[in-house]
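Shown next: model.cif, containing mmCIF, C-alpha atoms.
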```
data_data
loop_
_atom_site.group_PDB
_atom_site.id
_atom_site.type_symbol
_atom_site.label_atom_id
_atom_site.label_comp_id
_atom_site.auth_asym_id
_atom_site.auth_seq_id
_atom_site.Cartn_x
_atom_site.Cartn_y
_atom_site.Cartn_z
ATOM 1 C CA MET A 1 23.535 21.558 -15.445
ATOM 2 C CA LEU A 2 24.267 23.275 -12.149
ATOM 3 C CA ARG A 3 27.701 24.362 -13.309
ATOM 4 C CA LEU A 4 26.249 26.217 -16.299
ATOM 5 C CA GLY A 5 23.924 28.140 -13.960
ATOM 6 C CA THR A 6 26.819 28.885 -11.625
ATOM 7 C CA LEU A 7 28.917 30.227 -14.466
ATOM 8 C CA ALA A 8 26.025 32.405 -15.637
ATOM 9 C CA LEU A 9 25.665 33.798 -12.115
ATOM 10 C CA LEU A 10 29.382 34.492 -11.974
ATOM 11 C CA ALA A 11 29.289 36.325 -15.303
ATOM 12 C CA MET A 12 26.311 38.441 -14.223
ATOM 13 C CA VAL A 13 28.037 39.523 -11.014
ATOM 14 C CA ALA A 14 31.714 39.583 -12.030
ATOM 15 C CA LEU A 15 31.480 41.647 -15.213
ATOM 16 C CA PRO A 16 29.880 44.723 -13.600
ATOM 17 C CA LEU A 17 32.280 44.356 -10.677
ATOM 18 C CA ALA A 18 35.286 44.276 -13.011
ATOM 19 C CA ARG A 19 34.041 47.360 -14.874
ATOM 20 C CA SER A 20 33.537 49.244 -11.632
ATOM 21 C CA MET A 21 37.021 48.291 -10.435
ATOM 22 C CA ALA A 22 38.586 49.664 -13.630
ATOM 23 C CA ALA A 23 37.002 53.078 -13.028
ATOM 24 C CA VAL A 24 38.180 53.346 -9.377
ATOM 25 C CA PRO A 25 41.452 55.168 -8.649
ATOM 26 C CA LYS A 26 44.292 52.899 -7.469
ATOM 27 C CA GLY A 27 44.881 52.640 -3.722
ATOM 28 C CA SER A 28 41.572 54.215 -2.716
ATOM 29 C CA PHE A 29 39.211 52.957 -0.055
ATOM 30 C CA LEU A 30 36.637 52.001 -2.677
ATOM 31 C CA GLU A 31 39.178 49.848 -4.531
ATOM 32 C CA ARG A 32 39.991 47.917 -1.361
ATOM 33 C CA GLN A 33 36.282 47.380 -0.648
ATOM 34 C CA LEU A 34 35.686 46.134 -4.193
ATOM 35 C CA GLN A 35 38.627 43.721 -3.921
ATOM 36 C CA GLU A 36 37.297 42.355 -0.606
ATOM 37 C CA SER A 37 33.843 41.956 -2.164
ATOM 38 C CA SER A 38 35.396 40.134 -5.089
ATOM 39 C CA LEU A 39 37.226 37.749 -2.749
ATOM 40 C CA ARG A 40 34.034 37.078 -0.762
ATOM 41 C CA MET A 41 32.143 36.421 -3.978
ATOM 42 C CA ASP A 42 34.824 33.985 -5.166
ATOM 43 C CA THR A 43 34.664 32.132 -1.855
ATOM 44 C CA ALA A 44 30.863 31.965 -2.017
ATOM 45 C CA LEU A 45 31.033 30.733 -5.607
ATOM 46 C CA GLU A 46 33.465 27.966 -4.650
ATOM 47 C CA HIS A 47 31.125 26.973 -1.818
ATOM 48 C CA VAL A 48 28.149 26.822 -4.221
ATOM 49 C CA GLU A 49 30.113 24.692 -6.685
ATOM 50 C CA ALA A 50 31.217 22.330 -3.904
ATOM 51 C CA SER A 51 27.617 22.046 -2.661
ATOM 52 C CA ALA A 52 26.371 21.324 -6.178
ATOM 53 C CA ALA A 53 29.014 18.634 -6.663
ATOM 54 C CA GLY A 54 28.086 17.109 -3.290
ATOM 55 C CA ALA A 55 24.384 17.123 -4.208
ATOM 56 C CA GLU A 56 25.115 15.388 -7.511
ATOM 57 C CA ALA A 57 27.186 12.737 -5.727
ATOM 58 C CA SER A 58 24.447 12.256 -3.145
ATOM 59 C CA LEU A 59 21.798 11.796 -5.842
ATOM 60 C CA ALA A 60 23.996 9.260 -7.630
ATOM 61 C CA HIS A 61 24.531 7.350 -4.364
ATOM 62 C CA THR A 62 20.782 7.362 -3.612
ATOM 63 C CA ALA A 63 19.941 6.106 -7.093
ATOM 64 C CA SER A 64 22.474 3.284 -6.819
ATOM 65 C CA ALA A 65 21.197 2.350 -3.350
ATOM 66 C CA GLN A 66 17.630 2.140 -4.670
ATOM 67 C CA ALA A 67 18.766 0.014 -7.571
ATOM 68 C CA ARG A 68 20.295 -2.464 -5.115
ATOM 69 C CA ARG A 69 16.979 -3.104 -3.328
ATOM 70 C CA PRO A 70 14.732 -4.899 -5.809
ATOM 71 C CA GLY A 71 12.641 -6.570 -3.065
ATOM 72 C CA GLU A 72 11.575 -3.300 -1.482
ATOM 73 C CA PHE A 73 8.211 -3.307 -3.268
ATOM 74 C CA VAL A 74 7.480 -6.869 -2.148
ATOM 75 C CA THR A 75 8.402 -5.958 1.428
ATOM 76 C CA MET A 76 6.014 -3.015 1.319
ATOM 77 C CA LEU A 77 3.194 -5.235 0.065
ATOM 78 C CA LEU A 78 3.833 -7.809 2.790
ATOM 79 C CA ALA A 79 3.808 -5.061 5.407
ATOM 80 C CA MET A 80 0.331 -4.032 4.233
ATOM 81 C CA VAL A 81 -1.178 -7.527 4.717
ATOM 82 C CA PRO A 82 -2.001 -7.044 8.449
ATOM 83 C CA LEU A 83 -3.699 -3.739 7.657
ATOM 84 C CA LEU A 84 -5.808 -5.364 4.959
ATOM 85 C CA ILE A 85 -6.754 -8.203 7.331
ATOM 86 C CA PHE A 86 -7.749 -5.662 10.001
ATOM 87 C CA ILE A 87 -9.921 -3.757 7.535
ATOM 88 C CA GLY A 88 -11.519 -6.992 6.303
ATOM 89 C CA THR A 89 -12.279 -8.406 9.749
ATOM 90 C CA SER A 90 -13.598 -5.076 11.038
ATOM 91 C CA THR A 91 -15.935 -4.837 8.064
ATOM 92 C CA TRP A 92 -17.088 -8.423 8.539
ATOM 93 C CA VAL A 93 -17.752 -7.887 12.286
ATOM 94 C CA TYR A 94 -19.724 -4.720 11.647
ATOM 95 C CA LEU A 95 -21.814 -6.273 8.857
ATOM 96 C CA LYS A 96 -22.464 -9.468 10.891
ATOM 97 C CA HIS A 97 -23.556 -7.419 13.906
ATOM 98 C CA LYS A 98 -25.812 -5.258 11.739
ATOM 99 C CA GLU A 99 -27.305 -8.339 10.053
ATOM 100 C CA MET A 100 -28.065 -9.980 13.406
ATOM 101 C CA THR A 101 -29.638 -6.868 14.945
ATOM 102 C CA ASN A 102 -31.741 -6.222 11.819
ATOM 103 C CA ALA A 103 -33.007 -9.825 12.027
ATOM 104 C CA GLY A 104 -34.123 -9.125 15.609
ATOM 105 C CA ILE A 105 -31.531 -11.396 17.227
ATOM 106 C CA LYS A 106 -30.226 -10.208 20.601
ATOM 107 C CA VAL A 107 -26.427 -10.052 20.651
ATOM 108 C CA LYS A 108 -23.874 -10.200 23.433
ATOM 109 C CA VAL A 109 -20.122 -10.363 23.865
ATOM 110 C CA GLY A 110 -19.354 -14.077 23.863
ATOM 111 C CA TRP A 111 -16.577 -16.409 22.795
ATOM 112 C CA LYS A 112 -16.692 -15.345 19.117
ATOM 113 C CA SER A 113 -16.391 -11.650 19.945
ATOM 114 C CA ALA A 114 -13.665 -12.230 22.530
ATOM 115 C CA GLY A 115 -11.776 -14.571 20.178
ATOM 116 C CA CYS A 116 -11.916 -12.043 17.369
ATOM 117 C CA CYS A 117 -10.567 -9.379 19.713
ATOM 118 C CA CYS A 118 -7.763 -11.675 20.975
ATOM 119 C CA LEU A 119 -6.766 -12.533 17.416
ATOM 120 C CA PHE A 120 -6.135 -8.820 16.878
ATOM 121 C CA CYS A 121 -2.910 -9.278 18.885
ATOM 122 C CA ILE A 122 -1.498 -11.412 16.058
ATOM 123 C CA SER A 123 -3.053 -9.278 13.295
ATOM 124 C CA LEU A 124 -5.866 -11.703 12.471
ATOM 125 C CA GLY A 125 -8.881 -10.087 14.142
ATOM 126 C CA SER A 126 -10.479 -6.832 15.169
ATOM 127 C CA PRO A 127 -11.189 -5.205 18.524
ATOM 128 C CA LEU A 128 -14.345 -3.838 16.914
ATOM 129 C CA SER A 129 -16.047 -7.084 17.960
ATOM 130 C CA LEU A 130 -16.258 -5.705 21.508
ATOM 131 C CA CYS A 131 -18.243 -2.696 20.296
ATOM 132 C CA PHE A 132 -20.327 -4.715 17.837
ATOM 133 C CA PRO A 133 -20.732 -8.193 19.391
ATOM 134 C CA ILE A 134 -21.378 -11.123 17.081
ATOM 135 C CA ASP A 135 -22.682 -13.788 19.535
ATOM 136 C CA GLU A 136 -26.344 -14.633 19.924
ATOM 137 C CA ASP A 137 -27.824 -14.146 23.364
ATOM 138 C CA VAL A 138 -29.376 -17.599 23.985
ATOM 139 C CA LYS A 139 -30.873 -16.621 27.349
ATOM 140 C CA ASP A 140 -33.466 -14.401 25.676
ATOM 141 C CA GLU A 141 -34.482 -17.172 23.245
ATOM 142 C CA ALA A 142 -34.913 -19.737 26.063
ATOM 143 C CA ALA A 143 -37.114 -17.442 28.140
#
```

Target encoding C-alpha cells, full file:
Amino acid sequence: MLRLGTLALLAMVALPLARSMAAVPKGSFLERQLQESSLRMDTALEHVEASAAGAEASLAHTASAQARRPGEFVTMLLAMVPLLIFIGTSTWVYLKHKEMTNAGIKVKVGWKSAGCCCLFCISLGSPLSLCFPIDEDVKDEAA
C-alpha cells in the first residue's frame, strides 16, 4: 500500500522534472541544478521506501509479539484486583462511618480503624478509616 503511494509521488514529481530537463540547453547551469535536484529526490525517495519497509516489518513484529502473549489479559485483570479491593473497602468504611454517625453513635479511631489502615499495606484495607473512624466510643456510653 505504501509503495503504490510512493510510486504515485515519484510520478507526480519526476514527470514535470523530466520535461523541464528536456527543454534546458545542455551544459547550462540550470541543467546541472536540475540534475542535482533529481539526485536528491532519488535519495529521498529511497529513504522513504526504506522507512516504509522498516515500518511494515516493525508492525509485523509487534503483531507476532502480541500473538505470543495470550495471558496478557488475565495479567491485567489480576493487576486490577488490589484497586477493586481498595475501592470496595473505602466505600464500606465511608458507609459504615456515615451509618454510625447518623444513628447518633460517637466514633473514634480504634483497633478496627487502625487494622483497616494497616491492611492497606498488603492491599486489603483502606487508609480512609483514619479519616472516617469505624469504632464506637464506649467512654461516652458509659458516662

task: Between CA of Ile134 in chain A and CA of Met80 in chain A, measure the distance and give it in Å to one decimal.
output: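 Value for the CA of Ile134 in chain A-CA of Met80 in chain A distance: 26.2 Å.
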
- prompt: If we count only C-alpha atoms, what is near Trp111 in chain A at a cut-off of 12 Å, once residues fewer than 5 positions away on the same chain are taken out, given as JSON, numbers by chain?
  reply: {"A": [116, 117, 118, 119, 129, 130, 133, 134, 135, 136, 137]}

field: Given the PyMOL selection byres ((chain A and resi 92-105) around 10), the residues it picks as a list in words
entry: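 Checking the PyMOL selection byres ((chain A and resi 92-105) around 10) against this file, the residues are Phe86, Ile87, Gly88, Thr89, Ser90, Thr91, Lys106, Val107, Lys108, Ser113, Cys116, Gly125, Ser126, Pro127, Leu128, Ser129, Leu130, Cys131, Phe132, Pro133, Ile134, Asp135, Glu136, Asp137, Val138, Asp140 and Glu141 of chain A.
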
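Note that CA of Leu77 in chain A and CA of Leu124 in chain A are 16.7 Å apart.
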
- line: note - CA of Gly115 in chain A and CA of Ile85 in chain A are separated by 15.2 Å

Could you give me the axis-aligned bounding box of range 30-44 of chain A, with 3 Å of padding per side, as centre plus edge lengths in Å to one decimal, as lines of an AutoDock Vina configuration file?
```
center_x = 35.4
center_y = 42.0
center_z = -2.9
size_x = 15.1
size_y = 26.0
size_z = 10.6
```
